[in-house]
There are 2 protein chains.
Amino acid sequence: MPKTTLLIADDHQVVIAGIRSLLASKTDIEIVGEAANGAEAVELSRELKPDIVIMDISMPEMDGVEATGRIREVSPETKIIIYTMHSDQRFILELFKAGISGHVLKEGPPADLCAAVDAVRVGKTCFTTIDPAALLLKLTPERPGREALFEQLSPRELEVFKLLADGLSVKEAAARLHISPKTVETHKYNLMEKLDVGTIPDLTKLAIRHGLISV
Amino acid sequence: MPKTTLLIADDHQVVIAGIRSLLASKTDIEIVGEAANGAEAVELSRELKPDIVIMDISMPEMDGVEATGRIREVSPETKIIIYTMHSDQRFILELFKAGISGHVLKEGPPADLCAAVDAVRVGKTCFTTIDPAALLLKLTPERPGREALFEQLSPRELEVFKLLADGLSVKEAAARLHISPKTVETHKYNLMEKLDVGTIPDLTKLAIRHGLISV
DNA sequence: ATCCGCTGTGGGGAAATTCCCCATGCCCGC
DNA sequence: GCGGGCATGGGGAATTTCCCCACAGCGGAT
């Protein structure tokens, strides 16, 4: 069996070095290239057609999400493993759609990356953080058991949640509830923390998924 | 670390024996039970609360799909790996919803099962045949009939529209498109004018209604 | 009885974002 | 060649956000 060829794309040299040392023990893997940004990764993928690309998400020039899409165009056989930090979780769906084969967290044990490479090499997928089932559930609307998510919210928070998700500004929501905008802000801050969402649109989508507001 | 406890459910003794021999080399795994049908598997799971259940789909009494759902009720911590034949692919979606952690084909290399057990044991998932991305795509069909509203938008505006509606900040969208945040702001201002919406959530809902982004 | 934790109410203040205007270069149609 | 949409950005005031804090009421633990 010929060696598995690998391309590493990360804008931090130290990470590339780390990956190299992680994979050093694997003699049947050859690292054929390094890229410091997404654009380079795409270009090198076009030239080298590596079996696997290990890629970060946040990179200058072109981020990993877009690079993933382009690499799949220029080298469809190439499998892509996203190796990134927890905060990038929000791109997961897009990455799924773009067709990644694996997703590994940098803060996890280094062996995770090896495992992912091994899995992808033989045509499987490997996702360390993501429960594909959970992700699928999010996408299938009629799901029951939605209350689970909202019983963590207090009644007032739920109220604020609905208003904000529906498009009211903090100020408008405050007027509607006859309380200070600062109070609404506090509720907003807390509920977004509880629901683990970072943006208003995410809030909106969550509310829609759970039937709290209509599309 | 305590041993990982395992339950095997298959209506063919020979398969159980095969699995046992496959896993024999793993000293940190203990097979705590065997079930010959789904009902038994559920009952044993309730009693034994195994870490992992390896289960066939086609079984008498109760099939693997229903058994999966019940096991998740009686022993939520138990991870379930489906070990089955190719023809059972059609149950995949349902199994996903029920919350399986792995899916391995019997006709594949035996090592696949070991790999899946290893993966599941450390909290990951393992799917040998299924491309989660493809599955996700199936569930997010492109809806037609959107052009009407959006032909008023220029291509670039549409791009910005999708990103913003999906939850990216102006700055993030700018990074994604490799342009200045100010430019994105301009696009945002113009497209919101064109679409006659005043808030980001309205943008999000509009995008969802027209299938530009998924909920 | 007391203490803890949650909830609802608000404030402070720096930082970031928004909003609206403007400017430039470009290409395309007329 | 000239008007007009398009894509690209800047300026700057105004607003909002973000994340800390405070305090009062209240219900459940110990």
# chains A, B, ... in the order shown; residues from 1 in each chain; ligands from 1
>>> closest_atom_pairs(of="chain C", to="segment 24-27 of chain D", cutoff="10 Å", atoms="only C-alpha atoms (C1' of nucleotides)", output="Markdown table")
| residue | atom | partner | partner_atom | distance |
| --- | --- | --- | --- | --- |
| C:DG5 | C1' | D:DG27 | C1' | 9.5 |
| C:DC6 | C1' | D:DC26 | C1' | 9.0 |
| C:DT7 | C1' | D:DG25 | C1' | 8.7 |
| C:DG8 | C1' | D:DG25 | C1' | 9.0 |
| C:DT9 | C1' | D:DA24 | C1' | 8.6 |
>>> write_last_selection(atoms="all heavy atoms", output="compact mmCIF listing (two decimals), in the first residue's frame")
# COMPACT_ATOMS: atom_id res chain seq x y z
P DG C 5 -24.45 28.68 47.17
OP1 DG C 5 -23.53 27.58 46.81
OP2 DG C 5 -23.95 30.07 47.27
O5' DG C 5 -25.66 28.65 46.16
C5' DG C 5 -26.63 27.59 46.22
C4' DG C 5 -27.87 28.00 45.43
O4' DG C 5 -28.68 28.89 46.24
C3' DG C 5 -27.56 28.76 44.13
O3' DG C 5 -28.36 28.22 43.10
C2' DG C 5 -27.92 30.20 44.45
C1' DG C 5 -29.04 30.03 45.46
N9 DG C 5 -29.19 31.16 46.37
C8 DG C 5 -28.20 31.88 46.99
N7 DG C 5 -28.66 32.84 47.74
C5 DG C 5 -30.05 32.75 47.62
C6 DG C 5 -31.08 33.52 48.20
O6 DG C 5 -30.99 34.47 48.97
N1 DG C 5 -32.34 33.07 47.78
C2 DG C 5 -32.57 32.02 46.93
N2 DG C 5 -33.83 31.75 46.66
N3 DG C 5 -31.61 31.30 46.39
C4 DG C 5 -30.39 31.72 46.77
P DC C 6 -28.01 28.56 41.61
OP1 DC C 6 -27.76 27.27 40.93
OP2 DC C 6 -27.00 29.64 41.58
O5' DC C 6 -29.38 29.15 41.07
C5' DC C 6 -30.59 28.46 41.38
C4' DC C 6 -31.74 29.43 41.37
O4' DC C 6 -31.60 30.35 42.48
C3' DC C 6 -31.80 30.30 40.11
O3' DC C 6 -33.05 30.09 39.48
C2' DC C 6 -31.63 31.74 40.61
C1' DC C 6 -32.07 31.62 42.06
N1 DC C 6 -31.50 32.64 42.98
C2 DC C 6 -32.38 33.49 43.67
O2 DC C 6 -33.59 33.36 43.49
N3 DC C 6 -31.87 34.42 44.51
C4 DC C 6 -30.54 34.53 44.68
N4 DC C 6 -30.08 35.45 45.52
C5 DC C 6 -29.63 33.67 43.98
C6 DC C 6 -30.15 32.75 43.14
P DT C 7 -33.33 30.62 38.01
OP1 DT C 7 -34.19 29.63 37.35
OP2 DT C 7 -32.04 31.03 37.41
O5' DT C 7 -34.19 31.93 38.27
C5' DT C 7 -35.28 31.87 39.19
C4' DT C 7 -35.77 33.28 39.49
O4' DT C 7 -34.90 33.90 40.46
C3' DT C 7 -35.78 34.20 38.27
O3' DT C 7 -37.11 34.63 38.05
C2' DT C 7 -34.85 35.36 38.65
C1' DT C 7 -34.80 35.27 40.16
N1 DT C 7 -33.53 35.75 40.77
C2 DT C 7 -33.58 36.73 41.71
O2 DT C 7 -34.63 37.24 42.08
N3 DT C 7 -32.36 37.11 42.22
C4 DT C 7 -31.12 36.61 41.88
O4 DT C 7 -30.10 37.02 42.40
C5 DT C 7 -31.14 35.57 40.87
C7 DT C 7 -29.86 34.96 40.42
C6 DT C 7 -32.34 35.20 40.37
P DG C 8 -37.47 35.30 36.65
OP1 DG C 8 -38.84 34.88 36.29
OP2 DG C 8 -36.36 35.07 35.71
O5' DG C 8 -37.51 36.86 37.00
C5' DG C 8 -38.36 37.30 38.04
C4' DG C 8 -37.98 38.72 38.43
O4' DG C 8 -36.72 38.67 39.15
C3' DG C 8 -37.74 39.65 37.25
O3' DG C 8 -38.71 40.70 37.27
C2' DG C 8 -36.33 40.20 37.43
C1' DG C 8 -36.00 39.85 38.87
N9 DG C 8 -34.59 39.56 39.09
C8 DG C 8 -33.81 38.64 38.43
N7 DG C 8 -32.57 38.61 38.85
C5 DG C 8 -32.53 39.58 39.84
C6 DG C 8 -31.46 40.00 40.65
O6 DG C 8 -30.29 39.60 40.65
N1 DG C 8 -31.84 41.02 41.52
C2 DG C 8 -33.12 41.54 41.62
N2 DG C 8 -33.30 42.50 42.51
N3 DG C 8 -34.13 41.16 40.86
C4 DG C 8 -33.76 40.17 40.00
P DT C 9 -38.72 41.78 36.11
OP1 DT C 9 -40.10 42.31 36.04
OP2 DT C 9 -38.08 41.22 34.90
O5' DT C 9 -37.79 42.92 36.68
C5' DT C 9 -38.13 43.52 37.92
C4' DT C 9 -36.97 44.30 38.47
O4' DT C 9 -35.87 43.41 38.78
C3' DT C 9 -36.32 45.31 37.54
O3' DT C 9 -37.06 46.53 37.57
C2' DT C 9 -34.93 45.49 38.14
C1' DT C 9 -34.72 44.22 38.96
N1 DT C 9 -33.53 43.42 38.58
C2 DT C 9 -32.35 43.66 39.24
O2 DT C 9 -32.24 44.49 40.13
N3 DT C 9 -31.29 42.88 38.83
C4 DT C 9 -31.30 41.92 37.85
O4 DT C 9 -30.31 41.29 37.58
C5 DT C 9 -32.57 41.74 37.20
C7 DT C 9 -32.69 40.72 36.11
C6 DT C 9 -33.61 42.48 37.58
>>> select_by_dssp(residues="segment 17-207 of chain A", states="strand (DSSP E or B)", output="PyMOL selection string")
chain A and resi 29-35+52-55+79-84+102-105+125-127
>>> write_last_selection(atoms="N, CA and C atoms", output="mmCIF file, in the first residue's frame")
data_model
loop_
_atom_site.group_PDB
_atom_site.id
_atom_site.type_symbol
_atom_site.label_atom_id
_atom_site.label_comp_id
_atom_site.auth_asym_id
_atom_site.auth_seq_id
_atom_site.Cartn_x
_atom_site.Cartn_y
_atom_site.Cartn_z
ATOM 1 N N ILE A 29 2.582 7.353 6.703
ATOM 2 C CA ILE A 29 1.988 8.634 6.362
ATOM 3 C C ILE A 29 3.094 9.578 5.928
ATOM 4 N N GLU A 30 2.843 10.285 4.849
ATOM 5 C CA GLU A 30 3.837 11.236 4.392
ATOM 6 C C GLU A 30 3.218 12.620 4.330
ATOM 7 N N ILE A 31 3.835 13.535 5.028
ATOM 8 C CA ILE A 31 3.350 14.909 4.994
ATOM 9 C C ILE A 31 3.954 15.595 3.783
ATOM 10 N N VAL A 32 3.097 15.893 2.827
ATOM 11 C CA VAL A 32 3.606 16.378 1.546
ATOM 12 C C VAL A 32 3.544 17.891 1.415
ATOM 13 N N GLY A 33 2.954 18.558 2.377
ATOM 14 C CA GLY A 33 2.883 20.000 2.237
ATOM 15 C C GLY A 33 2.358 20.681 3.480
ATOM 16 N N GLU A 34 2.648 21.978 3.565
ATOM 17 C CA GLU A 34 2.136 22.796 4.649
ATOM 18 C C GLU A 34 1.566 24.077 4.052
ATOM 19 N N ALA A 35 0.492 24.546 4.650
ATOM 20 C CA ALA A 35 -0.091 25.801 4.187
ATOM 21 C C ALA A 35 -0.346 26.684 5.394
ATOM 22 N N ILE A 52 -5.329 13.381 2.490
ATOM 23 C CA ILE A 52 -5.981 14.003 3.633
ATOM 24 C C ILE A 52 -5.437 15.415 3.842
ATOM 25 N N VAL A 53 -6.315 16.310 4.204
ATOM 26 C CA VAL A 53 -5.889 17.641 4.639
ATOM 27 C C VAL A 53 -6.316 17.820 6.086
ATOM 28 N N ILE A 54 -5.367 18.207 6.920
ATOM 29 C CA ILE A 54 -5.702 18.583 8.291
ATOM 30 C C ILE A 54 -5.704 20.099 8.338
ATOM 31 N N MET A 55 -6.829 20.674 8.728
ATOM 32 C CA MET A 55 -6.961 22.114 8.561
ATOM 33 C C MET A 55 -7.588 22.807 9.771
ATOM 34 N N LYS A 79 -9.748 13.936 1.507
ATOM 35 C CA LYS A 79 -10.560 13.977 2.721
ATOM 36 C C LYS A 79 -10.060 15.116 3.603
ATOM 37 N N ILE A 80 -10.966 15.737 4.281
ATOM 38 C CA ILE A 80 -10.589 16.897 5.084
ATOM 39 C C ILE A 80 -10.941 16.674 6.549
ATOM 40 N N ILE A 81 -9.938 16.889 7.384
ATOM 41 C CA ILE A 81 -10.152 16.821 8.829
ATOM 42 C C ILE A 81 -9.986 18.224 9.400
ATOM 43 N N ILE A 82 -10.974 18.686 10.092
ATOM 44 C CA ILE A 82 -10.893 19.990 10.723
ATOM 45 C C ILE A 82 -10.287 19.811 12.117
ATOM 46 N N TYR A 83 -9.254 20.571 12.359
ATOM 47 C CA TYR A 83 -8.553 20.472 13.648
ATOM 48 C C TYR A 83 -8.576 21.859 14.258
ATOM 49 N N THR A 84 -9.408 22.032 15.258
ATOM 50 C CA THR A 84 -9.680 23.410 15.641
ATOM 51 C C THR A 84 -10.037 23.536 17.107
ATOM 52 N N GLY A 102 -13.808 14.621 9.111
ATOM 53 C CA GLY A 102 -13.495 14.517 10.526
ATOM 54 C C GLY A 102 -13.445 15.880 11.179
ATOM 55 N N HIS A 103 -13.560 15.888 12.483
ATOM 56 C CA HIS A 103 -13.537 17.130 13.243
ATOM 57 C C HIS A 103 -12.942 16.818 14.607
ATOM 58 N N VAL A 104 -11.795 17.396 14.874
ATOM 59 C CA VAL A 104 -11.077 17.089 16.105
ATOM 60 C C VAL A 104 -10.726 18.385 16.821
ATOM 61 N N LEU A 105 -10.835 18.348 18.130
ATOM 62 C CA LEU A 105 -10.544 19.546 18.910
ATOM 63 C C LEU A 105 -9.082 19.588 19.329
ATOM 64 N N THR A 125 -15.426 8.169 8.959
ATOM 65 C CA THR A 125 -15.411 9.538 9.440
ATOM 66 C C THR A 125 -15.135 9.509 10.927
ATOM 67 N N CYS A 126 -14.726 10.643 11.443
ATOM 68 C CA CYS A 126 -14.418 10.697 12.859
ATOM 69 C C CYS A 126 -14.714 12.081 13.411
ATOM 70 N N PHE A 127 -15.611 12.143 14.356
ATOM 71 C CA PHE A 127 -15.973 13.414 14.948
ATOM 72 C C PHE A 127 -15.875 13.311 16.455
#
>>> interface_residues(of="chain C", to="chain B", cutoff="9 Å", atoms="only C-alpha atoms (C1' of nucleotides)", output="list in words")
DT17, DT18, DC19 and DC20 of chain C
>>> closest_residue(among="D:DG10, D:DA29, D:DC21, D:DG4", to="chain A", atoms="only C-alpha atoms (C1' of nucleotides)")
D:DC21
>>> closest_residue(among="A:Leu191, A:Leu206, A:Leu23, A:Ile71", to="chain B", atoms="only C-alpha atoms")
A:Leu206
>>> atom_distance(atom1="atom CA of Ile208 of chain A", atom2="atom CA of Pro181 of chain A")
24.2 Å
>>> interface_residues(of="chain D", to="chain A", cutoff="10 Å", atoms="only C-alpha atoms (C1' of nucleotides)", output="PyMOL selection string")
chain D and resi 16-19
>>> decode(residues="segment 180-205 of chain A", atoms="C-alpha atoms", output="short mmCIF file (atom, residue, chain, number, x, y, z; two decimals), in the first residue's frame")
data_model
loop_
_atom_site.label_atom_id
_atom_site.label_comp_id
_atom_site.auth_asym_id
_atom_site.auth_seq_id
_atom_site.Cartn_x
_atom_site.Cartn_y
_atom_site.Cartn_z
CA SER A 180 -35.68 48.92 32.15
CA PRO A 181 -33.60 48.12 29.06
CA LYS A 182 -30.80 47.22 31.41
CA THR A 183 -32.92 44.53 32.94
CA VAL A 184 -33.72 43.11 29.56
CA GLU A 185 -30.04 43.18 28.80
CA THR A 186 -29.31 41.18 31.89
CA HIS A 187 -31.94 38.62 30.98
CA LYS A 188 -30.57 38.48 27.49
CA TYR A 189 -27.07 37.97 28.71
CA ASN A 190 -28.10 35.23 31.08
CA LEU A 191 -30.35 33.34 28.74
CA MET A 192 -27.86 33.38 25.94
CA GLU A 193 -25.39 31.98 28.38
CA LYS A 194 -27.81 29.27 29.43
CA LEU A 195 -28.75 28.36 25.90
CA ASP A 196 -25.16 28.55 24.79
CA VAL A 197 -25.79 30.70 21.79
CA GLY A 198 -23.71 33.66 20.83
CA THR A 199 -25.78 35.55 18.32
CA ILE A 200 -29.29 36.81 17.87
CA PRO A 201 -29.89 34.81 14.71
CA ASP A 202 -28.98 31.66 16.56
CA LEU A 203 -31.54 32.67 19.13
CA THR A 204 -34.08 33.14 16.39
CA LYS A 205 -33.37 29.79 14.85
#
